[in-house]
$ cat upload-v1.csv   # CSV, C-alpha atoms and all ligand atoms
chain,number,residue,atom,x,y,z
A,1,MET,CA,64.5,39.4,94.5
A,2,GLY,CA,65.5,35.7,93.9
A,3,ASN,CA,66.1,33.6,96.9
A,4,SER,CA,69.3,31.6,97.2
A,5,THR,CA,67.8,28.3,96.1
A,6,ASN,CA,66.6,30.0,92.9
A,7,ASN,CA,69.9,31.6,92.1
A,8,ILE,CA,71.6,30.7,88.9
A,9,PRO,CA,75.4,31.1,89.1
A,10,PHE,CA,77.4,32.2,86.0
A,11,ASN,CA,79.4,29.0,86.3
A,12,LYS,CA,78.2,25.9,88.1
A,13,LEU,CA,80.7,23.1,88.8
A,14,TYR,CA,80.1,20.0,86.8
A,15,THR,CA,81.7,16.8,88.2
A,16,THR,CA,81.7,13.3,86.8
A,17,ASN,CA,81.7,11.4,90.2
A,18,GLN,CA,85.1,9.9,89.4
A,19,GLU,CA,87.2,12.8,90.7
A,20,LEU,CA,87.4,11.6,94.3
A,21,GLU,CA,88.1,8.0,93.2
A,22,TYR,CA,91.1,9.1,91.2
A,23,ILE,CA,92.4,11.5,93.8
A,24,SER,CA,92.1,8.6,96.4
A,25,GLN,CA,94.1,6.4,94.0
A,26,ALA,CA,96.8,9.0,93.7
A,27,ILE,CA,97.0,9.2,97.5
A,28,ALA,CA,97.0,5.4,97.9
A,29,ASN,CA,99.8,5.2,95.3
A,30,GLY,CA,101.8,7.7,97.4
A,31,GLN,CA,102.1,9.9,94.3
A,32,ILE,CA,101.0,13.4,94.8
A,33,ALA,CA,103.8,15.6,93.4
A,34,GLY,CA,104.1,16.6,89.8
A,35,ASP,CA,104.9,14.3,86.8
A,36,GLU,CA,103.4,11.2,88.3
A,37,ALA,CA,100.9,8.6,86.9
A,38,PHE,CA,97.8,10.8,86.4
A,39,THR,CA,99.9,13.7,84.9
A,40,LYS,CA,101.3,11.2,82.4
A,41,LYS,CA,97.9,9.8,81.5
A,42,CYS,CA,96.4,13.3,81.0
A,43,GLN,CA,99.4,14.4,78.9
A,44,GLN,CA,99.2,11.3,76.7
A,45,TRP,CA,95.4,11.8,76.3
A,46,LEU,CA,95.8,15.4,75.4
A,47,LYS,CA,98.6,14.7,73.0
A,48,GLN,CA,96.5,12.3,71.1
A,49,ALA,CA,93.4,14.5,71.1
A,50,LEU,CA,95.3,17.4,69.7
A,51,GLY,CA,97.8,15.5,67.5
A,52,SER,CA,100.6,17.5,69.3
A,53,GLN,CA,104.2,16.4,69.5
A,54,LYS,CA,104.2,16.8,73.3
A,55,VAL,CA,101.8,18.1,76.0
A,56,LEU,CA,103.0,19.2,79.5
A,57,LEU,CA,100.4,19.8,82.2
A,58,THR,CA,100.9,23.0,84.1
A,59,HIS,CA,99.2,24.5,87.1
A,60,SER,CA,97.5,27.2,85.0
A,61,CYS,CA,97.2,28.5,81.5
A,62,THR,CA,99.1,31.5,82.8
A,63,ALA,CA,102.1,29.2,83.5
A,64,ALA,CA,101.8,27.6,80.1
A,65,LEU,CA,101.8,31.0,78.5
A,66,GLU,CA,104.9,32.0,80.5
A,67,MET,CA,106.6,28.8,79.4
A,68,ALA,CA,105.7,29.4,75.7
A,69,VAL,CA,107.1,32.9,75.8
A,70,ILE,CA,110.4,31.6,77.3
A,71,LEU,CA,110.5,28.9,74.6
A,72,ALA,CA,109.9,31.4,71.9
A,73,GLY,CA,113.0,33.2,73.0
A,74,ILE,CA,111.4,36.5,73.8
A,75,GLN,CA,114.1,39.0,75.1
A,76,PRO,CA,113.8,42.5,76.5
A,77,GLY,CA,112.5,44.9,73.9
A,78,ASP,CA,111.0,42.2,71.7
A,79,GLU,CA,107.5,42.9,70.5
A,80,VAL,CA,104.6,40.4,70.6
A,81,ILE,CA,101.3,41.0,68.7
A,82,MET,CA,98.1,40.2,70.5
A,83,PRO,CA,94.6,41.5,71.1
A,84,SER,CA,93.9,44.0,73.9
A,85,TYR,CA,90.6,42.2,74.4
A,86,THR,CA,92.1,39.3,76.4
A,87,PHE,CA,93.0,38.2,79.9
A,88,VAL,CA,96.0,39.8,81.6
A,89,SER,CA,98.1,36.6,81.4
A,90,THR,CA,98.5,36.8,77.6
A,91,ALA,CA,100.3,40.1,78.1
A,92,ASN,CA,101.9,39.4,81.5
A,93,ALA,CA,103.8,36.4,80.1
A,94,VAL,CA,105.5,38.7,77.6
A,95,VAL,CA,106.1,41.5,80.0
A,96,LEU,CA,107.8,39.1,82.5
A,97,ARG,CA,110.5,38.5,79.9
A,98,GLY,CA,110.9,42.3,79.3
A,99,GLY,CA,109.0,42.0,76.0
A,100,ILE,CA,106.4,44.5,74.8
A,101,PRO,CA,102.8,43.5,74.0
A,102,VAL,CA,101.6,45.3,70.9
A,103,PHE,CA,97.8,45.3,70.8
A,104,VAL,CA,95.8,45.3,67.6
A,105,ASP,CA,92.0,45.6,67.3
A,106,ILE,CA,89.5,42.7,67.1
A,107,ARG,CA,86.9,41.7,64.6
A,108,PRO,CA,83.4,42.8,65.4
A,109,ASP,CA,82.0,39.4,64.5
A,110,THR,CA,84.1,36.8,66.4
A,111,LEU,CA,85.8,39.3,68.8
A,112,ASN,CA,89.1,37.6,67.9
A,113,ILE,CA,92.2,39.5,66.7
A,114,ASP,CA,91.6,41.1,63.3
A,115,GLU,CA,94.0,39.2,61.1
A,116,THR,CA,93.8,41.9,58.5
A,117,LEU,CA,95.5,44.3,60.9
A,118,VAL,CA,98.3,42.1,62.1
A,119,GLU,CA,100.8,42.7,59.3
A,120,ALA,CA,100.8,46.5,59.6
A,121,ALA,CA,101.8,46.0,63.3
A,122,ILE,CA,104.9,44.0,62.5
A,123,THR,CA,108.2,45.8,63.1
A,124,SER,CA,111.9,44.8,63.1
A,125,LYS,CA,111.4,44.0,66.8
A,126,THR,CA,108.4,41.7,66.4
A,127,LYS,CA,109.1,38.1,67.5
A,128,ALA,CA,105.8,36.5,67.9
A,129,ILE,CA,102.0,36.6,67.4
A,130,MET,CA,99.7,35.4,70.2
A,131,PRO,CA,96.1,34.9,68.8
A,132,VAL,CA,93.5,34.3,71.5
A,133,HIS,CA,90.5,32.1,70.6
A,134,TYR,CA,87.8,34.1,72.3
A,135,ALA,CA,84.8,32.1,73.6
A,136,GLY,CA,86.4,29.0,72.1
A,137,MET,CA,85.9,30.3,68.5
A,138,SER,CA,89.1,29.9,66.5
A,139,CYS,CA,90.9,32.9,65.1
A,140,GLU,CA,91.4,33.0,61.3
A,141,MET,CA,94.5,30.8,61.6
A,142,ASP,CA,95.4,30.3,57.9
A,143,THR,CA,96.0,34.0,57.5
A,144,ILE,CA,97.8,34.3,60.8
A,145,LYS,CA,100.0,31.2,60.2
A,146,ALA,CA,100.9,32.6,56.7
A,147,LEU,CA,102.0,35.9,58.3
A,148,ALA,CA,104.0,34.2,61.0
A,149,ALA,CA,105.8,32.1,58.3
A,150,LYS,CA,106.4,35.1,56.0
A,151,HIS,CA,108.0,37.2,58.8
A,152,GLY,CA,109.7,34.3,60.7
A,153,LEU,CA,107.6,34.9,63.9
A,154,ALA,CA,106.7,32.4,66.6
A,155,LEU,CA,103.0,31.6,66.8
A,156,ILE,CA,101.6,30.9,70.3
A,157,GLU,CA,97.9,30.2,70.5
A,158,ASP,CA,96.2,31.3,73.7
A,159,ALA,CA,93.7,28.4,73.7
A,160,ALA,CA,92.7,29.0,77.4
A,161,GLN,CA,89.1,28.8,76.3
A,162,GLY,CA,89.5,26.6,73.2
A,163,PHE,CA,89.7,23.0,74.3
A,164,GLY,CA,87.5,20.9,72.1
A,165,SER,CA,87.1,23.5,69.3
A,166,THR,CA,88.3,23.0,65.7
A,167,TYR,CA,89.3,25.2,62.8
A,168,LYS,CA,88.9,23.6,59.3
A,169,GLY,CA,88.7,20.3,61.1
A,170,GLN,CA,92.0,20.7,63.0
A,171,PRO,CA,91.9,21.0,66.8
A,172,VAL,CA,92.4,24.5,68.2
A,173,GLY,CA,95.8,24.2,70.0
A,174,SER,CA,97.3,22.2,67.1
A,175,LEU,CA,97.6,25.2,64.8
A,176,GLY,CA,100.5,27.2,66.3
A,177,GLN,CA,104.0,26.2,67.3
A,178,MET,CA,102.7,26.1,70.8
A,179,ALA,CA,99.3,26.4,72.5
A,180,ALA,CA,98.3,27.2,76.1
A,181,PHE,CA,95.1,25.7,77.6
A,182,SER,CA,93.3,26.4,80.9
A,183,PHE,CA,91.5,24.0,83.1
A,184,HIS,CA,90.6,26.7,85.6
A,185,ALA,CA,87.3,26.2,87.4
A,186,THR,CA,85.6,28.6,84.9
A,187,LYS,CA,86.5,26.6,81.8
A,188,ASN,CA,84.8,23.6,80.1
A,189,ILE,CA,87.1,20.9,81.5
A,190,VAL,CA,88.3,21.8,84.9
A,191,SER,CA,90.7,20.8,87.7
A,192,GLY,CA,90.3,23.9,89.9
A,193,GLU,CA,93.4,25.5,88.8
A,194,GLY,CA,95.2,23.9,85.9
A,195,GLY,CA,96.5,24.2,82.3
A,196,ALA,CA,98.6,22.6,79.7
A,197,LEU,CA,101.2,23.6,77.1
A,198,ALA,CA,100.9,21.8,73.8
A,199,ILE,CA,104.1,21.8,71.8
A,200,ASN,CA,103.6,21.2,68.0
A,201,ASP,CA,107.2,22.0,67.0
A,202,PRO,CA,109.5,19.0,67.9
A,203,ALA,CA,112.5,21.2,68.2
A,204,LEU,CA,111.1,22.8,71.3
A,205,ILE,CA,110.3,19.6,73.3
A,206,GLU,CA,113.6,19.1,75.1
A,207,ARG,CA,113.9,22.7,76.3
A,208,ALA,CA,110.2,22.7,77.3
A,209,GLU,CA,110.7,19.8,79.7
A,210,ILE,CA,113.7,21.7,81.2
A,211,VAL,CA,111.8,25.0,81.6
A,212,TRP,CA,108.9,23.0,83.2
A,213,GLU,CA,111.2,21.4,85.7
A,214,LYS,CA,112.7,24.6,87.2
A,215,GLY,CA,115.4,24.8,84.6
A,216,THR,CA,116.8,21.4,85.3
A,217,ASN,CA,117.2,18.3,83.2
A,218,ARG,CA,115.2,16.2,85.7
A,219,SER,CA,112.9,14.7,83.1
A,220,GLN,CA,116.0,13.3,81.2
A,221,PHE,CA,117.3,11.9,84.5
A,222,PHE,CA,114.1,10.1,85.2
A,223,ARG,CA,114.2,8.6,81.7
A,224,GLY,CA,117.8,7.5,82.4
A,225,THR,CA,119.4,9.5,79.6
A,226,VAL,CA,121.6,11.4,82.1
A,227,ASP,CA,123.0,10.0,85.4
A,228,LYS,CA,122.3,13.1,87.5
A,229,TYR,CA,120.2,16.1,87.1
A,230,THR,CA,121.3,19.7,87.4
A,231,TRP,CA,120.5,23.3,86.6
A,232,VAL,CA,120.9,23.8,82.8
A,233,ASP,CA,118.6,26.7,81.8
A,234,VAL,CA,116.1,29.2,83.0
A,235,GLY,CA,112.8,27.7,84.3
A,236,SER,CA,110.3,27.6,87.1
A,237,SER,CA,108.1,25.2,88.8
A,238,TYR,CA,105.3,24.8,86.3
A,239,LEU,CA,104.1,21.3,87.2
A,240,PRO,CA,100.7,20.7,88.9
A,241,SER,CA,100.3,18.2,91.8
A,242,ASP,CA,99.1,14.8,90.6
A,243,LEU,CA,96.1,15.4,92.8
A,244,LEU,CA,94.9,18.0,90.3
A,245,ALA,CA,95.9,15.7,87.4
A,246,ALA,CA,93.7,13.0,89.0
A,247,PHE,CA,90.8,15.4,89.0
A,248,LEU,CA,91.5,16.4,85.4
A,249,TRP,CA,91.7,12.7,84.4
A,250,ALA,CA,88.1,12.2,85.6
A,251,GLN,CA,87.0,15.2,83.5
A,252,LEU,CA,88.8,14.2,80.4
A,253,GLY,CA,87.0,10.9,80.4
A,254,TYR,CA,83.7,13.0,79.9
A,255,ALA,CA,85.1,15.7,77.6
A,256,ASP,CA,82.8,14.9,74.8
A,257,GLU,CA,79.7,14.7,77.0
A,258,ILE,CA,80.6,18.0,78.7
A,259,LYS,CA,80.9,19.6,75.3
A,260,GLN,CA,77.6,18.2,74.0
A,261,ARG,CA,75.8,19.4,77.2
A,262,ARG,CA,77.2,22.9,76.8
A,263,LEU,CA,76.4,23.0,73.1
A,264,ARG,CA,72.8,22.1,73.8
A,265,ILE,CA,72.5,25.1,76.1
A,266,TRP,CA,74.4,27.4,73.7
A,267,HIS,CA,72.0,26.5,70.9
A,268,ARG,CA,69.0,26.9,73.1
A,269,TYR,CA,70.1,30.4,73.9
A,270,ASN,CA,70.9,31.1,70.3
A,271,LYS,CA,67.6,30.0,69.0
A,272,ALA,CA,65.7,31.9,71.6
A,273,PHE,CA,67.5,35.1,70.8
A,274,ALA,CA,67.1,34.9,67.0
A,275,GLU,CA,64.2,37.3,67.0
A,276,LEU,CA,66.1,39.9,69.1
A,277,GLU,CA,68.7,40.0,66.4
A,278,LEU,CA,66.1,40.5,63.7
A,279,GLN,CA,64.7,43.4,65.7
A,280,ARG,CA,68.3,44.7,66.1
A,281,ARG,CA,68.0,44.7,69.8
A,282,ALA,CA,71.0,42.4,70.3
A,283,GLN,CA,73.6,40.7,68.2
A,284,ARG,CA,74.3,36.9,68.7
A,285,PRO,CA,77.7,35.3,68.4
A,286,THR,CA,79.0,34.7,64.8
A,287,VAL,CA,80.3,31.2,64.0
A,288,PRO,CA,82.5,31.3,60.9
A,289,SER,CA,82.0,28.3,58.6
A,290,GLU,CA,85.6,27.1,59.3
A,291,CYS,CA,84.9,26.9,63.0
A,292,GLN,CA,83.3,24.3,65.2
A,293,HIS,CA,83.3,25.7,68.7
A,294,ASN,CA,83.1,24.2,72.2
A,295,ALA,CA,80.3,26.4,73.6
A,296,HIS,CA,82.6,28.0,76.1
A,297,ILE,CA,80.7,31.3,76.3
A,298,TYR,CA,77.3,32.4,75.3
A,299,TYR,CA,77.2,36.2,74.9
A,300,LEU,CA,74.9,38.8,73.4
A,301,LEU,CA,76.1,42.2,72.2
A,302,VAL,CA,73.4,44.7,73.2
A,303,ASN,CA,73.1,48.2,71.7
A,304,ASP,CA,74.8,50.3,74.3
A,305,ILE,CA,76.3,50.3,77.8
A,306,GLU,CA,73.0,51.6,79.4
A,307,THR,CA,71.1,48.6,78.0
A,308,ARG,CA,73.9,46.3,79.3
A,309,THR,CA,73.7,47.8,82.8
A,310,ARG,CA,69.9,47.3,82.7
A,311,VAL,CA,70.1,43.7,81.6
A,312,LEU,CA,72.8,42.8,84.2
A,313,SER,CA,70.8,44.5,86.9
A,314,VAL,CA,67.5,42.9,86.1
A,315,LEU,CA,69.2,39.5,86.0
A,316,LYS,CA,70.9,40.2,89.3
A,317,GLN,CA,67.6,41.2,90.9
A,318,HIS,CA,66.3,37.7,89.9
A,319,GLY,CA,69.3,35.9,91.2
A,320,VAL,CA,70.9,35.3,87.8
A,321,GLN,CA,74.6,35.9,87.6
A,322,ALA,CA,75.4,37.3,84.2
A,323,THR,CA,78.5,39.4,83.5
A,324,PHE,CA,80.6,41.5,81.1
A,325,HIS,CA,84.2,40.5,80.3
A,326,TYR,CA,87.6,42.0,79.8
A,327,VAL,CA,88.6,45.5,80.6
A,328,PRO,CA,90.8,46.1,77.4
A,329,LEU,CA,94.4,45.8,78.4
A,330,HIS,CA,95.5,48.9,76.6
A,331,SER,CA,93.3,51.0,78.9
A,332,ALA,CA,94.5,49.3,82.1
A,333,PRO,CA,97.2,50.9,84.3
A,334,ALA,CA,99.8,48.1,83.6
A,335,GLY,CA,98.8,48.1,79.9
A,336,ARG,CA,99.6,51.8,79.6
A,337,LYS,CA,102.9,51.2,81.3
A,338,TYR,CA,104.2,48.1,79.7
A,339,ALA,CA,102.5,47.7,76.3
A,340,ARG,CA,101.4,49.8,73.3
A,341,ALA,CA,98.4,49.8,71.0
A,342,HIS,CA,98.8,49.7,67.2
A,343,GLY,CA,96.3,52.1,65.8
A,344,GLU,CA,92.8,52.7,67.0
A,345,LEU,CA,91.2,49.9,69.1
A,346,SER,CA,87.7,51.2,68.5
A,347,VAL,CA,86.1,47.7,68.0
A,348,THR,CA,87.7,46.5,71.3
A,349,GLU,CA,86.4,49.6,73.2
A,350,ASP,CA,82.9,49.3,71.7
A,351,ILE,CA,82.5,45.6,72.4
A,352,CYS,CA,83.7,45.7,76.0
A,353,ASP,CA,80.9,48.1,76.7
A,354,ARG,CA,78.2,46.0,75.1
A,355,ILE,CA,78.9,42.4,75.9
A,356,VAL,CA,76.7,40.4,78.2
A,357,ARG,CA,77.8,36.8,79.1
A,358,LEU,CA,75.0,34.5,80.2
A,359,PRO,CA,75.3,31.6,82.7
A,360,LEU,CA,76.6,28.5,80.9
A,361,SER,CA,77.8,25.2,82.3
A,362,ALA,CA,77.3,21.5,81.7
A,363,ALA,CA,75.5,21.5,85.1
A,364,LEU,CA,72.8,24.0,84.2
A,365,THR,CA,69.2,22.6,83.8
A,366,THR,CA,66.9,23.4,80.9
A,367,GLU,CA,64.6,25.1,83.4
A,368,GLU,CA,67.4,27.4,84.5
A,369,VAL,CA,68.3,28.2,80.9
A,370,ASP,CA,64.7,29.0,80.1
A,371,ARG,CA,64.4,31.3,83.1
A,372,VAL,CA,67.5,33.2,81.9
A,373,ILE,CA,66.1,33.4,78.4
A,374,GLY,CA,62.7,34.7,79.7
A,375,LEU,CA,64.3,37.4,81.7
A,376,VAL,CA,66.6,38.6,78.9
A,377,LEU,CA,63.7,38.7,76.4
A,378,GLN,CA,61.5,40.5,78.8
A,379,THR,CA,64.2,43.1,79.6
A,380,LEU,CA,65.3,43.7,76.0
A,381,ALA,CA,61.8,43.9,74.6
A,382,ALA,CA,61.0,46.6,77.2
A,401,LIG,C1,92.3,34.2,77.1
A,401,LIG,C2,92.8,33.7,78.5
A,401,LIG,N1,94.2,33.5,78.6
A,401,LIG,C3,94.7,33.1,79.8
A,401,LIG,C4,93.9,32.8,80.9
A,401,LIG,C5,94.5,32.4,82.2
A,401,LIG,O1,94.1,31.1,82.5
A,401,LIG,P1,94.5,30.5,84.0
A,401,LIG,O2,93.5,31.0,84.9
A,401,LIG,O3,94.4,29.0,83.8
A,401,LIG,O4,95.9,30.9,84.3
A,401,LIG,C6,92.5,33.0,80.8
A,401,LIG,C7,91.6,32.8,81.9
A,401,LIG,O5,90.5,33.1,82.0
A,401,LIG,C8,92.0,33.5,79.5
A,401,LIG,O6,90.6,33.7,79.4
$ encode --input "upload-v1.csv" --output "structure tokens"
Amino acid sequence: MGNSTNNIPFNKLYTTNQELEYISQAIANGQIAGDEAFTKKCQQWLKQALGSQKVLLTHSCTAALEMAVILAGIQPGDEVIMPSYTFVSTANAVVLRGGIPVFVDIRPDTLNIDETLVEAAITSKTKAIMPVHYAGMSCEMDTIKALAAKHGLALIEDAAQGFGSTYKGQPVGSLGQMAAFSFHATKNIVSGEGGALAINDPALIERAEIVWEKGTNRSQFFRGTVDKYTWVDVGSSYLPSDLLAAFLWAQLGYADEIKQRRLRIWHRYNKAFAELELQRRAQRPTVPSECQHNAHIYYLLVNDIETRTRVLSVLKQHGVQATFHYVPLHSAPAGRKYARAHGELSVTEDICDRIVRLPLSAALTTEEVDRVIGLVLQTLAA
């Protein structure tokens, strides 16, 4: 049994030593509400990094997804196509507007929505597609973009895990009309809780600011384009405190270094498990040639649920926190009530039983990574 000093957490917080300094600055400036100096700096930085028309910080990716679904004009009874293999927030954002998530299966290689199954799921009620870039690996966006254009559908990227990844050289999050990012503590760049909505369609900017500011035209008031602000639309309070934006600003300054650190660990795992794949004991992640990923997750697909249980239990006994991932939404109680599946979701069901996610964070040491590798090899070779 591993003792606590030897424990390897699934996710270890990586800080840059500047977080407290910036938070102190925000306090000293007396600016701790939303839309203050650090929020503006982060938004500008992200806008430039993504090449987006506008970026609004939010207090979570969940909030950014909710905003995107409002901006896409989803009404009761409208259908939105997405994978079942995702976090609840992708679907909840739609259900909160009275819409119906329609789940299609995922690809067995990238675990992303299977773009070849999307068109058959489109009906007269379909209003949007929400691809999820699982593990920071981009979906097959050219095909999905072409389908959205052909059928006049909104395209909302769930880029919760995708910050810093690219598809055909374009940043993930710049490929749909809108994209939602997460800066939750479990992500690559963090602010505890946090997120952003990237808006790539200029026609949506004005309304986005209103929805963000509780349905008021407060942003226009601060810019001096209206002389008082009032309630003009639906909305909510989607702004984070500038204290969180100050934390995020420290992280953004090290975004590339954090990605490189994670990539080194990802590649160390990947090289170490090559032999396992040749022996058909586990499948490693697939990286399509169009994709450069951000090393958000390192996972293995083992052969069956019994093997998965064994690997997780051995790692746990040695103080290593590894885990599986989503319970497919179509099989969850709320999924059965509020959503529907299009066709068989057999890949989704199979994958969720066989996936093992290994510890990965910019703060992990090489020795820790090698200890995880040793335990996995030992268990799967047995
Ligand atoms: C695919 C996906 N979408 C949305 C979210 C929600 O992010 P947040 O916790 O920032 O609301 C997550 C969080 O893990 C996620 O993985």
$ residues_near_point --input "upload-v1.csv" --point "(89.2, 23.4, 90.4)" --cutoff "10 Å" --atoms "all atoms listed in the file" --output "list in words"
Leu13, Phe183, His184, Ala185, Thr186, Lys187, Ile189, Val190, Ser191, Gly192, Glu193, Gly194, Leu244, Phe247 and Leu248 of chain A
$ closest_atom_pairs --input "upload-v1.csv" --of "chain A" --to "ligand LIG 401 (chain A)" --cutoff "8 Å" --atoms "only C-alpha atoms and all ligand atoms" --output "CSV"
residue,atom,partner,partner_atom,distance
A:His59,CA,A:LIG401,O3,7.4
A:Ser60,CA,A:LIG401,O3,3.8
A:Cys61,CA,A:LIG401,O3,3.7
A:Thr62,CA,A:LIG401,O4,3.6
A:Ala63,CA,A:LIG401,O4,6.5
A:Ala64,CA,A:LIG401,O4,8.0
A:Leu65,CA,A:LIG401,C3,7.5
A:Thr86,CA,A:LIG401,C1,5.2
A:Phe87,CA,A:LIG401,C2,4.7
A:Val88,CA,A:LIG401,C3,7.1
A:Ser89,CA,A:LIG401,C3,5.1
A:Thr90,CA,A:LIG401,N1,5.5
A:Val132,CA,A:LIG401,C1,5.7
A:His133,CA,A:LIG401,C1,7.1
A:Tyr134,CA,A:LIG401,C1,6.6
A:Asp158,CA,A:LIG401,N1,5.7
A:Ala159,CA,A:LIG401,C1,6.9
A:Ala160,CA,A:LIG401,C2,4.8
A:Gln161,CA,A:LIG401,O6,6.0
A:Ala180,CA,A:LIG401,C3,7.8
A:Phe181,CA,A:LIG401,O3,7.1
A:Ser182,CA,A:LIG401,O3,4.0
A:Phe183,CA,A:LIG401,O3,5.8
A:His184,CA,A:LIG401,O3,4.8
A:Thr186,CA,A:LIG401,O5,7.3
A:Lys187,CA,A:LIG401,O5,7.6
A:Glu193,CA,A:LIG401,O3,6.2
A:Gly194,CA,A:LIG401,O3,5.6
A:Gly195,CA,A:LIG401,O3,5.4
$ atom_distance --input "upload-v1.csv" --atom1 "atom CA of A:Met130" --atom2 "atom CA of A:Ile156"
4.9 Å
$ atom_distance --input "upload-v1.csv" --atom1 "atom CA of A:Gly98" --atom2 "atom CA of A:Val69"
10.7 Å
$ closest_residue --input "upload-v1.csv" --among "A:Val287, A:Val234, A:Leu117, A:Cys42" --to "A:Gly253" --atoms "only C-alpha atoms"
A:Cys42
$ residues_near_point --input "upload-v1.csv" --point "(123.8, 26.3, 82.4)" --cutoff "12 Å" --atoms "only C-alpha atoms" --output "list in words"
Ile210, Gly215, Thr216, Asn217, Tyr229, Thr230, Trp231, Val232, Asp233, Val234 and Gly235 of chain A
$ closest_residue --input "upload-v1.csv" --among "A:Ala49, A:Ala362, A:Ala250, A:Ala341" --to "A:Tyr85" --atoms "all atoms listed in the file"
A:Ala341
$ residues_around --input "upload-v1.csv" --residues "A:Asn294" --least-positions-apart "3" --cutoff "10 Å" --atoms "all atoms listed in the file" --output "PyMOL selection string"
chain A and resi 135-137+161-166+188+256+258-260+262-263+266+291+297
$ residues_around --input "upload-v1.csv" --residues "A:Asp201" --least-positions-apart "2" --cutoff "8 Å" --atoms "only C-alpha atoms" --output "MDAnalysis selection string"
chainID A and resid 53 177:178 199 203:205
$ closest_residue --input "upload-v1.csv" --among "A:Arg261, A:Arg97, A:Lys145, A:His342" --to "A:Tyr14" --atoms "all atoms listed in the file"
A:Arg261
$ closest_residue --input "upload-v1.csv" --among "A:Gln378, A:Asn112, A:Thr365, A:Thr143" --to "A:Pro131" --atoms "only C-alpha atoms"
A:Asn112
$ atom_distance --input "upload-v1.csv" --atom1 "atom CA of A:Gln48" --atom2 "atom CA of A:Glu19"
21.7 Å
$ decode --input "upload-v1.csv" --residues "stretch 364-376 of chain A" --atoms "C-alpha atoms" --output "PDB file, in the first residue's frame"
ATOM      1  CA  LEU A 364       4.201  15.489 -12.410  1.00  0.00           C
ATOM      2  CA  THR A 365       7.859  14.411 -12.137  1.00  0.00           C
ATOM      3  CA  THR A 366       9.577  11.978 -14.494  1.00  0.00           C
ATOM      4  CA  GLU A 367      10.044   9.589 -11.570  1.00  0.00           C
ATOM      5  CA  GLU A 368       6.314   9.641 -10.883  1.00  0.00           C
ATOM      6  CA  VAL A 369       5.499   9.005 -14.537  1.00  0.00           C
ATOM      7  CA  ASP A 370       7.960   6.113 -14.630  1.00  0.00           C
ATOM      8  CA  ARG A 371       6.408   4.617 -11.521  1.00  0.00           C
ATOM      9  CA  VAL A 372       2.971   4.685 -13.187  1.00  0.00           C
ATOM     10  CA  ILE A 373       4.430   3.175 -16.359  1.00  0.00           C
ATOM     11  CA  GLY A 374       6.101   0.366 -14.382  1.00  0.00           C
ATOM     12  CA  LEU A 375       2.880  -0.533 -12.581  1.00  0.00           C
ATOM     13  CA  VAL A 376       0.786  -0.523 -15.764  1.00  0.00           C
TER      14      VAL A 376
END
